[in-house]
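Data block for input.cif (mmCIF, C-alpha atoms):
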```cif
data_run
loop_
_atom_site.label_atom_id
_atom_site.label_comp_id
_atom_site.auth_asym_id
_atom_site.auth_seq_id
_atom_site.Cartn_x
_atom_site.Cartn_y
_atom_site.Cartn_z
CA MET A 274 110.85 118.62 126.50
CA ASN A 275 110.33 115.36 128.40
CA TYR A 276 108.96 112.14 126.93
CA ASP A 277 105.36 112.76 128.01
CA GLU A 278 105.41 116.19 126.39
CA PHE A 279 106.87 114.64 123.24
CA ASN A 280 104.17 111.99 123.22
CA THR A 281 101.45 114.65 123.55
CA GLU A 282 102.94 116.69 120.68
CA TYR A 283 103.42 113.56 118.55
CA THR A 284 99.74 112.66 119.05
CA ARG A 285 98.69 116.19 118.03
CA VAL A 286 100.74 115.91 114.84
CA LEU A 287 99.15 112.53 114.04
CA ASP A 288 95.70 114.02 114.62
CA LYS A 289 96.51 116.86 112.20
CA ILE A 290 97.74 114.36 109.60
CA ASN A 291 94.65 112.18 110.01
CA GLY A 292 92.45 115.25 109.78
CA GLY A 293 94.06 116.21 106.48
CA GLY A 294 95.35 119.48 107.88
CA CYS A 295 99.08 118.84 107.62
CA GLY A 296 100.87 119.13 104.30
CA PRO A 297 104.49 118.20 103.55
CA ALA A 298 106.00 121.54 104.60
CA GLU A 299 104.18 121.65 107.92
CA LEU A 300 104.93 117.98 108.62
CA SER A 301 108.61 118.56 107.89
CA GLY A 302 108.57 121.44 110.38
CA HIS A 303 106.98 119.25 113.05
CA VAL A 304 109.57 116.50 112.54
CA SER A 305 112.45 118.99 112.83
CA ARG A 306 110.93 120.71 115.86
CA LEU A 307 110.30 117.42 117.69
CA ARG A 308 113.76 116.10 116.86
CA LYS A 309 115.41 119.23 118.29
CA ALA A 310 113.12 119.40 121.33
CA THR A 311 113.87 115.81 122.33
CA ALA A 312 117.65 115.93 121.87
CA GLY A 313 118.20 116.16 125.63
CA ILE A 314 116.19 113.08 126.61
CA GLN A 315 118.65 110.56 128.05
CA SER A 316 116.60 107.41 128.77
CA PRO A 317 117.59 104.73 126.22
CA ALA A 318 114.05 103.31 126.12
CA GLU A 319 112.52 106.74 125.57
CA ARG A 320 115.18 107.61 122.94
CA THR A 321 114.36 104.36 121.10
CA GLN A 322 110.62 105.10 121.14
CA ILE A 323 111.17 108.70 120.03
CA ALA A 324 113.42 107.54 117.19
CA SER A 325 110.75 105.06 116.10
CA ASP A 326 107.98 107.66 116.26
CA LEU A 327 110.03 110.24 114.35
CA ALA A 328 110.93 107.61 111.75
CA ALA A 329 107.21 106.92 111.27
CA LEU A 330 106.57 110.65 110.79
CA GLY A 331 109.48 110.73 108.34
CA GLN A 332 107.90 107.92 106.33
CA MET A 333 104.59 109.80 106.28
CA LEU A 334 106.49 112.86 105.10
CA ASP A 335 108.07 110.84 102.27
CA VAL A 336 104.65 109.54 101.19
CA SER A 337 103.20 113.03 101.47
CA ARG A 338 105.95 114.47 99.28
CA ARG A 339 105.52 111.72 96.66
CA THR A 340 101.78 112.28 96.50
CA ASN A 341 101.87 116.08 96.76
CA ASN A 342 99.69 117.65 94.06
CA ARG A 343 98.12 114.24 93.51
CA GLU A 344 95.53 112.19 95.30
CA ASP A 345 95.82 111.87 99.05
CA VAL A 346 95.82 108.08 98.85
CA TRP A 347 95.70 107.42 102.58
CA THR A 348 92.81 109.78 103.29
CA ILE A 349 90.85 108.27 100.41
CA THR A 350 91.65 104.75 101.61
CA SER A 351 90.78 105.57 105.22
CA ASP A 352 87.44 107.05 104.14
CA ALA A 353 86.67 103.99 101.99
CA VAL A 354 87.48 101.58 104.83
CA ARG A 355 85.38 103.63 107.26
CA ARG A 356 82.38 103.56 104.89
CA ALA A 357 82.78 99.83 104.29
CA SER A 358 83.02 99.08 108.01
CA SER A 359 79.76 100.82 108.87
CA LEU A 360 77.21 98.56 110.54
CA GLU A 361 74.30 100.51 109.07
CA GLY A 362 71.78 98.87 106.75
CA THR A 363 71.05 95.30 105.80
CA VAL A 364 73.66 92.64 105.22
CA ALA A 365 73.19 93.15 101.47
CA ASP A 366 73.71 96.93 101.90
CA ARG A 367 76.89 96.31 103.86
CA ILE A 368 78.19 93.87 101.23
CA GLY A 369 77.54 96.47 98.53
CA ARG A 370 79.48 99.14 100.46
CA ILE A 371 82.38 96.76 101.00
CA GLU A 372 82.49 95.85 97.30
CA ALA A 373 82.40 99.53 96.34
CA SER A 374 85.21 100.34 98.78
CA ILE A 375 87.39 97.47 97.55
CA SER A 376 86.82 98.66 93.99
CA GLU A 377 87.67 102.26 94.94
CA ILE A 378 90.88 101.25 96.72
CA THR A 379 91.88 98.93 93.85
CA SER A 380 91.40 101.76 91.33
CA LEU A 381 93.41 104.07 93.57
CA ALA A 382 96.18 101.45 93.80
CA ASN A 383 96.26 101.11 90.03
CA ARG A 384 96.71 104.89 89.69
CA ASN A 385 99.47 104.95 92.35
CA PRO A 386 101.80 102.03 91.59
CA GLU A 387 104.40 103.11 94.15
CA GLU A 388 101.78 102.61 96.90
CA ARG A 389 99.99 99.65 95.29
CA ASP A 390 101.10 96.89 97.65
CA ALA A 391 100.30 98.87 100.80
CA LEU A 392 96.95 99.99 99.41
CA MET A 393 95.98 96.46 98.40
CA GLN A 394 96.89 95.21 101.88
CA SER A 395 94.30 97.62 103.25
CA THR A 396 91.62 95.63 101.40
CA SER A 397 92.46 92.33 103.12
CA THR A 398 90.30 93.06 106.16
CA LEU A 399 87.50 94.23 103.90
CA ARG A 400 87.73 90.99 101.93
CA LEU A 401 87.48 88.95 105.14
CA LEU A 402 84.46 90.97 106.25
CA HIS A 403 82.92 90.54 102.80
CA SER A 404 83.35 86.78 102.96
CA SER A 405 81.84 86.63 106.44
CA LEU A 406 78.86 88.74 105.44
CA GLN A 407 78.34 86.64 102.30
CA SER A 408 78.10 83.55 104.53
CA SER A 409 75.63 85.34 106.81
CA LEU A 410 73.55 86.42 103.83
CA ARG A 411 73.43 82.85 102.46
CA ALA A 412 72.37 81.55 105.88
CA GLU A 413 69.65 84.21 106.13
CA GLN A 414 68.39 83.36 102.64
CA ALA A 415 68.35 79.62 103.40
CA GLU A 416 66.45 80.26 106.62
CA ALA A 417 63.94 82.49 104.82
CA GLU A 418 63.41 79.82 102.14
CA ALA A 419 62.91 77.14 104.79
CA THR A 420 60.39 79.32 106.62
CA ALA A 421 58.53 80.09 103.38
CA ALA A 422 58.36 76.40 102.46
CA ARG A 423 56.52 75.54 105.68
#
```

Just give me the structure as structure tokens.
Amino acid sequence: MNYDEFNTEYTRVLDKINGGGCGPAELSGHVSRLRKATAGIQSPAERTQIASDLAALGQMLDVSRRTNNREDVWTITSDAVRRASSLEGTVADRIGRIEASISEITSLANRNPEERDALMQSTSTLRLLHSSLQSSLRAEQAEAEATAAR
């Protein structure tokens, strides 16, 4: 297997993980298979990238094993962030979705203390978006009040 083939296979594995179709046993098999298939690659830069990519898969495997038979914290978090990031609806609707997602992720973090810090970091972007939308909403309300007063 050359580096490009590895990269293609690595991307397929990530897609399976993100799609929720790759449990701990299957992921472990992919890591082993990719490690063996890339043993002959000689380029130091490619070896370094492969080692980094396989280490990332190994970390995902560790998380998957720890959360096996429990909540899939990263799928739940990803879904919450995706819902919160939707541009649909009014500013007030968007703020409500963001608040609900932050609450959902916070509850998830409280139930999974070993992942708490990482989960709470995933809310930082949502909090920034929330703050920005709150400012926009206040500006819209002030403009509406000024228009109504005329």

Reference answer for the PyMOL selection byres ((chain A and resi 391) around 12), as a list in words: Val336, Val346, Trp347, Thr350, Ile378, Thr379, Leu381, Ala382, Asn383, Asn385, Pro386, Glu387, Glu388, Arg389, Asp390, Leu392, Met393, Gln394, Ser395, Thr396 and Ser397 of chain A

Just the selected residues (C-alpha atoms), exported as a tab-separated table (two decimals), in the coordinates of the input, please.
```
chain	number	residue	atom	x	y	z
A	336	VAL	CA	104.65	109.54	101.19
A	346	VAL	CA	95.82	108.08	98.85
A	347	TRP	CA	95.70	107.42	102.58
A	350	THR	CA	91.65	104.75	101.61
A	378	ILE	CA	90.88	101.25	96.72
A	379	THR	CA	91.88	98.93	93.85
A	381	LEU	CA	93.41	104.07	93.57
A	382	ALA	CA	96.18	101.45	93.80
A	383	ASN	CA	96.26	101.11	90.03
A	385	ASN	CA	99.47	104.95	92.35
A	386	PRO	CA	101.80	102.03	91.59
A	387	GLU	CA	104.40	103.11	94.15
A	388	GLU	CA	101.78	102.61	96.90
A	389	ARG	CA	99.99	99.65	95.29
A	390	ASP	CA	101.10	96.89	97.65
A	392	LEU	CA	96.95	99.99	99.41
A	393	MET	CA	95.98	96.46	98.40
A	394	GLN	CA	96.89	95.21	101.88
A	395	SER	CA	94.30	97.62	103.25
A	396	THR	CA	91.62	95.63	101.40
A	397	SER	CA	92.46	92.33	103.12
```

Output of the PyMOL selection byres ((chain A and resi 319-327) around 10), listed as a list in words: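 In the shown coordinates, the PyMOL selection byres ((chain A and resi 319-327) around 10) covers Asn275, Tyr276, Asp277, Phe279, Asn280, Tyr283, His303, Val304, Ser305, Leu307, Arg308, Thr311, Ala312, Gly313, Ile314, Gln315, Ser316, Pro317, Ala318, Ala328, Ala329, Leu330, Gly331, Gln332 and Met333 of chain A.
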
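Distance-wise, atom CA of Ser359 of chain A and atom CA of Ala415 of chain A end up 24.7 Å apart.
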
Å distance separating atom CA of Asp345 of chain A from atom CA of Leu287 of chain A, one decimal place: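 These atoms are spaced 15.4 Å apart.
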
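Counting all atoms listed in the file, the residue from A:Arg355, A:Lys309, A:Arg367, A:Arg285 that sits nearest to Ser409 of chain A is A:Arg367.
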
Coordinates-based distance that separates atom CA of Ala353 of chain A from atom CA of Glu377 of chain A (Å, one decimal): 7.3 Å

Neighbour residues at most 12 Å from (87.9, 92.3, 102.3) (only C-alpha atoms) as a PDB file with C-alpha atoms, in the coordinates of the input:
```
ATOM      1  CA  ALA A 353      86.670 103.990 101.990  1.00  0.00           C
ATOM      2  CA  VAL A 354      87.480 101.580 104.830  1.00  0.00           C
ATOM      3  CA  ALA A 357      82.780  99.830 104.290  1.00  0.00           C
ATOM      4  CA  SER A 358      83.020  99.080 108.010  1.00  0.00           C
ATOM      5  CA  ARG A 367      76.890  96.310 103.860  1.00  0.00           C
ATOM      6  CA  ILE A 368      78.190  93.870 101.230  1.00  0.00           C
ATOM      7  CA  GLY A 369      77.540  96.470  98.530  1.00  0.00           C
ATOM      8  CA  ARG A 370      79.480  99.140 100.460  1.00  0.00           C
ATOM      9  CA  ILE A 371      82.380  96.760 101.000  1.00  0.00           C
ATOM     10  CA  GLU A 372      82.490  95.850  97.300  1.00  0.00           C
ATOM     11  CA  ALA A 373      82.400  99.530  96.340  1.00  0.00           C
ATOM     12  CA  SER A 374      85.210 100.340  98.780  1.00  0.00           C
ATOM     13  CA  ILE A 375      87.390  97.470  97.550  1.00  0.00           C
ATOM     14  CA  SER A 376      86.820  98.660  93.990  1.00  0.00           C
ATOM     15  CA  ILE A 378      90.880 101.250  96.720  1.00  0.00           C
ATOM     16  CA  THR A 379      91.880  98.930  93.850  1.00  0.00           C
ATOM     17  CA  MET A 393      95.980  96.460  98.400  1.00  0.00           C
ATOM     18  CA  GLN A 394      96.890  95.210 101.880  1.00  0.00           C
ATOM     19  CA  SER A 395      94.300  97.620 103.250  1.00  0.00           C
ATOM     20  CA  THR A 396      91.620  95.630 101.400  1.00  0.00           C
ATOM     21  CA  SER A 397      92.460  92.330 103.120  1.00  0.00           C
ATOM     22  CA  THR A 398      90.300  93.060 106.160  1.00  0.00           C
ATOM     23  CA  LEU A 399      87.500  94.230 103.900  1.00  0.00           C
ATOM     24  CA  ARG A 400      87.730  90.990 101.930  1.00  0.00           C
ATOM     25  CA  LEU A 401      87.480  88.950 105.140  1.00  0.00           C
ATOM     26  CA  LEU A 402      84.460  90.970 106.250  1.00  0.00           C
ATOM     27  CA  HIS A 403      82.920  90.540 102.800  1.00  0.00           C
ATOM     28  CA  SER A 404      83.350  86.780 102.960  1.00  0.00           C
ATOM     29  CA  SER A 405      81.840  86.630 106.440  1.00  0.00           C
ATOM     30  CA  LEU A 406      78.860  88.740 105.440  1.00  0.00           C
ATOM     31  CA  GLN A 407      78.340  86.640 102.300  1.00  0.00           C
TER      32      GLN A 407
END
```
